[in-house]
Each structure stands twice: as C-alpha cells, then as structure tokens.
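Visitor: Have a look at this one before I ask anything.
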Number of protein chains: 2
Amino acid sequence: MDYAEAVRSGNRLALARLLTLVENGDPEGRKAMDALFPYTGQAHLIGVTGSPGTGKSSLVNQLALAYRRPTAGAAARRVAIVAVDPSSPFSGGALLGDRVRMRDLSGDPGIFIRSMASRGTVGGLARATAAVVQVLDAAGYEIILVETVGAGQSEVDIARLAHTTLVVEAPGLGDDIQASKAGILEIADILVVNKGDRPGVESTERFLRNMLEIAHPEMQDEAGNETGSGNKKTGWIPPILRTVATRNSGIQQVLEAIENHKAYLQSSGEWQRRDRDRLLFELNAILRDQLYARWRQSLPEGAYNHAIDLLMERKQSIYSILEALLQYHA
Amino acid sequence: MDYAEAVRSGNRLALARLLTLVENGDPEGRKAMDALFPYTGQAHLIGVTGSPGTGKSSLVNQLALAYRRPTAGAAARRVAIVAVDPSSPFSGGALLGDRVRMRDLSGDPGIFIRSMASRGTVGGLARATAAVVQVLDAAGYEIILVETVGAGQSEVDIARLAHTTLVVEAPGLGDDIQASKAGILEIADILVVNKGDRPGVESTERFLRNMLEIAHPEMQDEAGNETGSGNKKTGWIPPILRTVATRNSGIQQVLEAIENHKAYLQSSGEWQRRDRDRLLFELNAILRDQLYARWRQSLPEGAYNHAIDLLMERKQSIYSILEALLQYHA
C-alpha cells in the first residue's frame with residue numbers, strides 16, 4: 001500500500017494505520033513520512049494543557065465543533081485532535097477520555113481523533129507526537145489540537161510542538177496547584193479559566209492576572225487594556241478568557257484569541273521561529289538516538305556490561321567509566 | 001576547597017555548595033562526585049509522588065520527623081529531602097513549598113532539605129536529581145526522600161531513581177484524575193491515601209484496590225489478606241495505607257511498609273537490580289550528551305544550519321537530512 005498517496009487522497013483507514021506505523025518507528029512509516037514531508041507546514045498546531053480536573057477535554061471538543069461550523073469569515077476547517085497522556089507509560093490510559101469524546105464527535109469526516117499514551121520516556125512521547133502531528137498536517141488537517149493530561153515537564157516538551165499553547169485552569173483547585181502554576185504560565189499564549197460558572201472564578205482570574213503582570217511588566221502601562229490582549233509593541237500578552245465548555249459558553253472568544261495569536265505569530269516572524277524550533281527538536285532527538293545506537297554497535301562484546309559491573313561495585317565512578325567507554329569511538 | 005572531604009566530615013555549607021556545582025554541571029562538582037562515588041549505595045532512596053492537592057509535602061515532612069525519632073528497633077536516621085518541581089522549568093517554583101517546609105524542619109542538623117526546579121528537559125532534571133541524590137548518599141544521609149510535584153512522565157523518570165516509590169492519593173479528586181491513575185499506579189510500591197478524614201476516602205480506597213487487582217491478579221487468591229501487603233511467593237503487592245499527615249495519623253504504618261518493602265527488595269535481589277537500573281540510566285544519559293557534543297564538534301562550519309534551512313523549506317525530509325549529517329561521523 002502506498003500510504004503517502006492514500007493519506008493525501010483522504011483515506012482515513014490508511015491514515016490510522018500509518019499513524020500506528022509512525023508511532024512504532026516502523027521503516028514503512030518513515031518512508032511514507034519522507035514522501036509526505038513536502039506537504040507539511042500548513043496546519044495551525046494548537047496545544048491545550050492544564051491540571052487534571054480543569055475540563056480540558058470538554059473544551060477541546062467544543063473548539064473542534066466550533067471549527068467545524070462555517071462562519072462569515074471562514075469556511076469549516078478540517079480538525080485533528082491528538083490526545084496525549086504522559087501519565088500512562090505502560091497501558092492505554094489515554095483511552096478512557098477518548099471513549100467519552102467519540103460519543104460527541106464521531107461520524108464527522110472532517111474530524112480525526114488520535115489517542116497516544118507514553119512511549120517509555122517523555123522524549124519518546126514528544127517525538128512520537130511530533131511525528132503524528134506531521135502526518136496529520138500532510139493529510140490536510142488545518143487545525144491540529146494537541147491535548148495533554150497533567151501538568152508537568154511533559155507539557156512543556158509538547159508545548160514546544162505547538163504554534164499556540166492554551167493553558168486551561170479552573171476555579172478552586174487549591175494552593176498546591178497555585179504553586180505549580182508559575183511554570184506552566186510561562187508557556188501559555190492564551191489562558192482559559194474553564195468551569196467559569198463555579199465559585200471562586202474571579203479569584204482565579206485575579207491570581208492569573210497577577211502572575212501575568214509579574215511575567216509581563218509592560219502590562220502595568222496599559223491600564224485601559226484589562227484583558228491583556230496582544231500588543232505589537234511589547235510582544236504578545238496572553239489574554240485571560242472565561243469559558244463553560246459543557247455549556248458551550250465563551251468558545252467563540254477562544255477561537256478569536258487563537259486567530260489573533262496566529263496573526264501575531266505571522267506578522268512578528270514568531271511562526272517561522274517556532275516552526276524551526278520544532279524541526280530542530282525533532283532532528284536532534286533522532287540524531288541522539290542514532291549516535292547512541294551506532295556507538296553501542298562499535299563497542300567490543302561485553303565491554304558495556306563489564307563497565308556496569310565496575311560501577312555497581314563502586315570501583316570506578318561514572319565519569320571515569322565514561323572516559324573509558326568513549327575511547328572506543330575515537 | 002576539597003568538597004568531597006568537607007562533605008564527608010559533615011560540613012553542611014560545603015554540601016549545599018557542592019550540590020549547586022553538581023546541578024550546574026560544573027567540573028569541580030564532577031571531580032568531587034568522582035571522589036565521593038565509593039561512599040554511595042548506602043542510602044534508602046524513597047520517591048514520593050502524586051497529583052497536586054494530595055498533601056505530599058505534609059506527608060514527607062511527617063515521615064522525615066518520624067525517621068528522626070529513635071524507636072525500640074532503630075536509632076534516629078539522618079534524612080535528606082529533595083523536592084523536585086518539574087512543572088517549573090524556568091523559574092524557582094519549587095521555592096514556595098520549601099519555605100513552608102523550612103518552618104517545620106529547620107534547625108535539626110540531622111535533616112537536609114534541597115529544592116530543585118526543572119533543568120529545561122525532564123531528562124536533564126532526572127539526571128540532576130540523580131547526581132544530587134548521589135552526593136547526599138555519600139554525605140551519609142541514610143534516608144533520602146525525593147518528592148515530585150505533579151503527576152506525569154517526569155514522575156516515572158524520577159521514580160526510576162528510587163528503591164521504594166510512594167504514590168499519594170486523596171479522596172474526591174475527580175474523574176479526570178481517576179483516568180490518569182492507571183499509569184502512575186504501575187510505579188507504586190506503596191499507596192497512601194492522605195487526607196483520610198475527608199469524605200469519599202472509602203471509595204478512593206476501593207478504586208485503588210480494584211486497579212491493583214487488575215494489575216496483580218494473584219491478589220484475588222488471598223481473600224483473607226485484604227490489606228494486600230507483600231507476599232514473597234507472588235512478588236510485592238503494594239499496600240494501601242490511610243493517613244492524615246496534618247494530624248500525624250497513620251505515619252508509623254507508612255514507615256513500617258517502607259521497611260517491609262526494603263526487606264522484600266533485599267531478599268528478592270530487587271534492590272541490586274534497581275541500583276543497577278539507576279546507574280545505567282545515569283550513565284546512558286551522560287553518554288548520549290557526550291556523543292552528541294562530540295559529533296557536533298566534528299561537523300564542518302555551517303553544515304548544521306544549512307541542513308535546518310533545507311528542512312524549513314521542506315526541500316529534504318528529516319530522515320534524508322539525518323543521513324547526510326551522520327556521514328560526517330563515518
């Protein structure tokens with residue numbers, strides 16, 4: 001089967017199969033990716049992340065549905081959703097949310113959904129996600145929503161893949177989460193306070209605004225611009241938007257913010273820069289794997305295990321072992 | 001200053017300085033680690049992880065205090081706490097919880113506390129954590145508690161460093177979290193339901209027990225052993241323990257479970273195996289960095305940037321670029 005051609009002609013079954021090949025690092029998948037590569041670079045890659053319990057999945061569903069409706073300004077867009085679950089390294093934990101999701105979105109040929117669980121390491125997962133996104137891009141999906149469960153470094157790695165990153169919060173998630181927000185806020189292009197009909201929404205928004213003001217001191221100067229929307233002189237300041245995804249409230253404003261961010265990226269040259277970063281990240285990850293594999297092959301039989309034994313017995317330190325091992329690669 | 005000697009003689013200031021050198025990859029830190037390496041391999045490394053809001057930090061504090069009290073069976077132990085915050089890649093988000101912690105534990109020379117924020121990538125963080133733990137081990141801390149904020153792949157990477165991993169849960173954290181538990185449960189040696197005085201604690205425990213039974217079908221055979229404590233014939237089955245850390249309730253049971261797990265690890269040979277895995281992980285991470293750095297140095301001026309330009313223009317695919325670049329390393 002010529003996967004590249006089948007995928008380009010809109011064959012969904014071929015697409016699903018190719019994604020599996022690509023995730024598994026199959027050579028046939030690699031061949032198809034090579035053929036598809038010239039068609040990539042078209043999609044708007046949108047990362048959606050945030051702590052558990054914020055209602056990310058509902059928000060992603062509503063965004064997908066909204067993109068499917070033609071509006072005065074734009075035709076319906078083809079949407080792919082990639083749901084990544086870095087907390088499930090061994091089994092298919094990503095499937096649970098997926099089943100709920102399928103109920104709402106299945107049957108629309110303009111939507112494609114893919115779940116991914118971890119591939120053993122975050123590096124592996126980020127790489128597999130990058131490859132899957134690349135195939136979906138070449139397959140003609142104009143909007144690719146990459147949703148990650150949890151709130152950790154994995155999200156940062158995956159955010160690196162996106163042009164636009166939405167960080168989703170919800171009212172009343174406690175001090176522990178507040179403390180961990182500082183980091184995740186720094187990757188946010190758009191902040192969404194979902195479950196906005198719950199008590200405490202104002203205090204969550206106030207907290208986020210305070211955090212943003214620390215990160216963007218120039219906000220203080222624009223007293224009249226309380227929503228903190230983009231400002232070309234000072235770069236992009238993430239807007240804070242309130243939604244109730246389960247009632248489809250506030251979704252249109254999120255869509256507009258995403259479009260504003262895209263316009264900002266394109267006019268500022270950021271779009272190109274993020275594209276470049278993403279390709280670099282992918283290339284370097286694969287390079288590291290290949291260099292390591294080649295080096296391992298160049299080692300004499302038993303040299304590696306012997307080195308580990310010396311380590312275990314604390315006879316040599318890691319760095320002296322390292323020097324000895326790297327000599328095989330002079 | 002001879003850091004290795006100063007650290008071995010109990011100089012806390014030297015220890016703090018050495019940890020900073022080690023975290024920053026400073027050559028002087030590396031030299032000291034080499035000298036300290038023969039003294040490592042003594043500590044019991046205990047990972048404590050779980051979702052935000054479960055009260056991990058309070059639990060870790062209480063465990064540390066309990067280890068400081070001599071009991072009938074054992075003398076007071078020297079305890080180090082390493083608080084890792086993978087969600088804070090850019091700034092020092094780890095500091096917040098730390099200030100609270102200092103109030104309770106400071107002033108005891110038998111306790112050493114270290115906070116770590118992310119080093120850009122999870123790989124980097126896990127590696128820096130491994131190095132910090134190694135130094136604390138050589139410094140004579142017998143119990144090293146490694147606490148991670150968040151619930152993601154980062155925890156899995158950091159759990160790899162521990163002999164014993166505690167996964168902390170709390171009642172009533174919602175469906176989204178339930179879904180993500182499947183993965184984190186697979187790294188748990190001991191399950192702690194903290195905030196055990198809150199409503200819903202029984203249903204959380206029931207959920208965890210069901211998940212465990214799926215993972216350990218042999219549990220079904222021991223109807224009489226509802227606590228699911230260790231069983232030598234079938235390997236280790238994680239016990240589920242209830243605590244209220246803020247009231248110091250259930251802490252002694254957690255300590256006992258940790259001791260049981262240590263006995264199980266040592267009698268089964270698992271202790272050795274986990275030690276070996278940890279050293280392998282560290283060695284391979286450093287090897288990859290070194291191989292990559294050497295290769296980059298071997299590239300002709302401009303070759304790398306030219307390759308990236310071809311990628312950006314979609315003129316060559318990642319894999320064909322890769323082949324071209326790797327030829328410089330024939």
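Ordered as shown in the structure tokens, chains take letters A, B, and onward, while each chain numbers its residues from 1 and ligands are numbered from 1 in the order shown.
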Would you kindly return, as a ChimeraX atom specification, each protein, DNA or RNA residue with an atom no farther than 8 Å from any atom of Gly55 (chain B), considering only C-alpha atoms and excluding same-chain residues fewer than 5 positions away?

Guide: /B:168,170,194-195,245

Visitor: With all heavy atoms retained, export the selected residues as a compact mmCIF listing (two decimals), in the first residue's frame.

Guide:
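So the final result, stored in out00.txt, reads:
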# COMPACT_ATOMS: atom_id res chain seq x y z
N VAL B 168 0.90 9.01 46.38
CA VAL B 168 -0.04 9.61 47.33
C VAL B 168 -1.31 10.00 46.59
O VAL B 168 -1.26 10.63 45.53
CB VAL B 168 0.58 10.85 48.01
CG1 VAL B 168 -0.32 11.35 49.12
CG2 VAL B 168 1.97 10.52 48.54
N ALA B 170 -5.64 11.34 47.30
CA ALA B 170 -6.52 11.95 48.28
C ALA B 170 -7.95 11.76 47.82
O ALA B 170 -8.20 11.64 46.61
CB ALA B 170 -6.20 13.43 48.46
N ASN B 194 -3.90 9.95 51.53
CA ASN B 194 -3.77 11.01 52.53
C ASN B 194 -5.07 11.80 52.61
O ASN B 194 -5.96 11.58 51.80
CB ASN B 194 -2.58 11.92 52.16
CG ASN B 194 -2.21 12.85 53.30
OD1 ASN B 194 -2.32 12.49 54.47
ND2 ASN B 194 -1.77 14.06 52.96
N LYS B 195 -5.16 12.71 53.57
CA LYS B 195 -6.41 13.43 53.83
C LYS B 195 -7.52 12.40 54.08
O LYS B 195 -8.65 12.54 53.59
CB LYS B 195 -6.77 14.36 52.67
CG LYS B 195 -5.66 15.37 52.37
CD LYS B 195 -6.09 16.45 51.40
CE LYS B 195 -4.97 17.48 51.23
NZ LYS B 195 -5.31 18.56 50.28
N ALA B 245 -1.83 13.36 57.27
CA ALA B 245 -0.48 13.85 57.58
C ALA B 245 -0.52 15.06 58.51
O ALA B 245 0.29 15.17 59.42
CB ALA B 245 0.27 14.18 56.29

Visitor: Can you tell me which residues surround His261 (chain B) at a distance of at most 9 Å, considering only C-alpha atoms, apart from same-chain residues fewer than 5 positions away, and format the answer as a PyMOL selection string?

Guide: chain B and resi 163-164+189-190+230+236+238+256+266

Visitor: Using the selection just defined, write its residues with N, CA, C and O atoms as a tab-separated table (two decimals), in the first residue's frame.

Guide:
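File produced: out_23.tsv:
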chain	number	residue	atom	x	y	z
B	163	HIS	N	14.44	3.35	45.33
B	163	HIS	CA	14.24	1.95	45.69
B	163	HIS	C	12.76	1.68	45.95
B	163	HIS	O	12.25	0.64	45.60
B	164	THR	N	12.13	2.66	46.61
B	164	THR	CA	10.74	2.49	47.03
B	164	THR	C	9.96	3.73	46.59
B	164	THR	O	10.39	4.84	46.86
B	189	ASP	N	5.02	1.35	44.83
B	189	ASP	CA	5.33	0.24	45.72
B	189	ASP	C	4.43	0.30	46.96
B	189	ASP	O	4.13	-0.72	47.56
B	190	ILE	N	4.05	1.52	47.32
B	190	ILE	CA	3.16	1.73	48.46
B	190	ILE	C	2.16	2.82	48.07
B	190	ILE	O	2.56	3.86	47.55
B	230	GLY	N	2.83	-7.28	51.27
B	230	GLY	CA	3.78	-8.08	50.49
B	230	GLY	C	3.64	-9.59	50.67
B	230	GLY	O	3.33	-10.08	51.73
B	236	TRP	N	5.86	-8.45	45.20
B	236	TRP	CA	5.36	-7.41	46.09
B	236	TRP	C	4.01	-6.89	45.61
B	236	TRP	O	3.86	-6.52	44.45
B	238	PRO	N	1.50	-3.82	46.37
B	238	PRO	CA	1.51	-2.55	47.10
B	238	PRO	C	0.39	-2.47	48.13
B	238	PRO	O	-0.78	-2.68	47.79
B	256	GLU	N	6.52	1.50	58.52
B	256	GLU	CA	6.64	0.03	58.55
B	256	GLU	C	6.57	-0.56	57.15
B	256	GLU	O	7.32	-1.48	56.81
B	266	GLN	N	15.60	-6.51	49.33
B	266	GLN	CA	16.90	-7.11	49.59
B	266	GLN	C	16.85	-8.63	49.48
B	266	GLN	O	17.77	-9.24	48.94

Visitor: Determine, counting only C-alpha atoms, which protein, DNA and RNA residues have an atom within 7 Å of an atom of region 18-30 of chain B; residues of the same chain fewer than 2 positions away are not included. Present the result as a list in words.

Guide: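 What passes the distance filter is Tyr3, Ala14, Leu15, Ala16, Ala32, Met33, Asp34, Ala128, Ala131 and Val132 of chain B.
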
Visitor: Would you save the residues from that selection as a compact mmCIF listing (two decimals), in the first residue's frame, using C-alpha atoms?

Guide:
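File written: again.txt
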# COMPACT_ATOMS: atom_id res chain seq x y z
CA TYR B 3 34.45 19.42 48.70
CA ALA B 14 30.10 22.68 51.69
CA LEU B 15 27.33 20.19 50.90
CA ALA B 16 24.95 22.94 49.77
CA ALA B 32 34.08 15.79 43.94
CA MET B 33 31.46 13.29 42.76
CA ASP B 34 34.24 11.05 41.49
CA ALA B 128 20.46 16.45 38.04
CA ALA B 131 23.50 13.47 40.86
CA VAL B 132 22.14 15.36 43.88

Visitor: Please, what distance in Å, to one decimal, runs between CA of Gly41 (chain B) and CA of Leu105 (chain B)?

Guide: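 Going from CA of Gly41 (chain B) over to CA of Leu105 (chain B), I get 25.5 Å.
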
Visitor: Given the choices A:Val193, A:Leu280, A:Ile111, A:Ala303, which gets closest to chain B if the distance is worked out from only C-alpha atoms?

Guide: A:Leu280

Visitor: Write out as a list of chain:residue names the residues lying within 6 Å of Ala188 (chain B), counting only C-alpha atoms and excluding same-chain residues fewer than 2 positions away.

Guide: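 In the requested form, the answer reads B:Thr165, B:Leu166, B:Val167, B:Leu185, B:Glu186, B:Ile190.
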
Visitor: Could you write out that same residue set with N, CA and C atoms as a short mmCIF file (atom, residue, chain, number, x, y, z; two decimals), in the first residue's frame?

Guide:
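This is the output file out06.cif:
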data_model
loop_
_atom_site.label_atom_id
_atom_site.label_comp_id
_atom_site.auth_asym_id
_atom_site.auth_seq_id
_atom_site.Cartn_x
_atom_site.Cartn_y
_atom_site.Cartn_z
N THR B 165 8.86 3.52 45.89
CA THR B 165 8.06 4.66 45.43
C THR B 165 6.70 4.67 46.12
N LEU B 166 6.41 5.79 46.80
CA LEU B 166 5.09 6.01 47.40
C LEU B 166 4.26 6.86 46.44
N VAL B 167 3.07 6.38 46.12
CA VAL B 167 2.15 7.21 45.35
C VAL B 167 1.07 7.69 46.31
N LEU B 185 -0.14 4.24 38.98
CA LEU B 185 -0.23 3.09 39.88
C LEU B 185 0.83 2.05 39.57
N GLU B 186 1.20 1.99 38.31
CA GLU B 186 2.15 0.94 37.93
C GLU B 186 3.55 1.20 38.47
N ILE B 190 4.05 1.52 47.32
CA ILE B 190 3.16 1.73 48.46
C ILE B 190 2.16 2.82 48.07
#

Visitor: Could you state the separation of CA of Glu205 (chain A) and CA of Gly172 (chain A) in Å, given to one decimal place?

Guide: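 We find that CA of Glu205 (chain A) and CA of Gly172 (chain A) lie 11.0 Å from each other.
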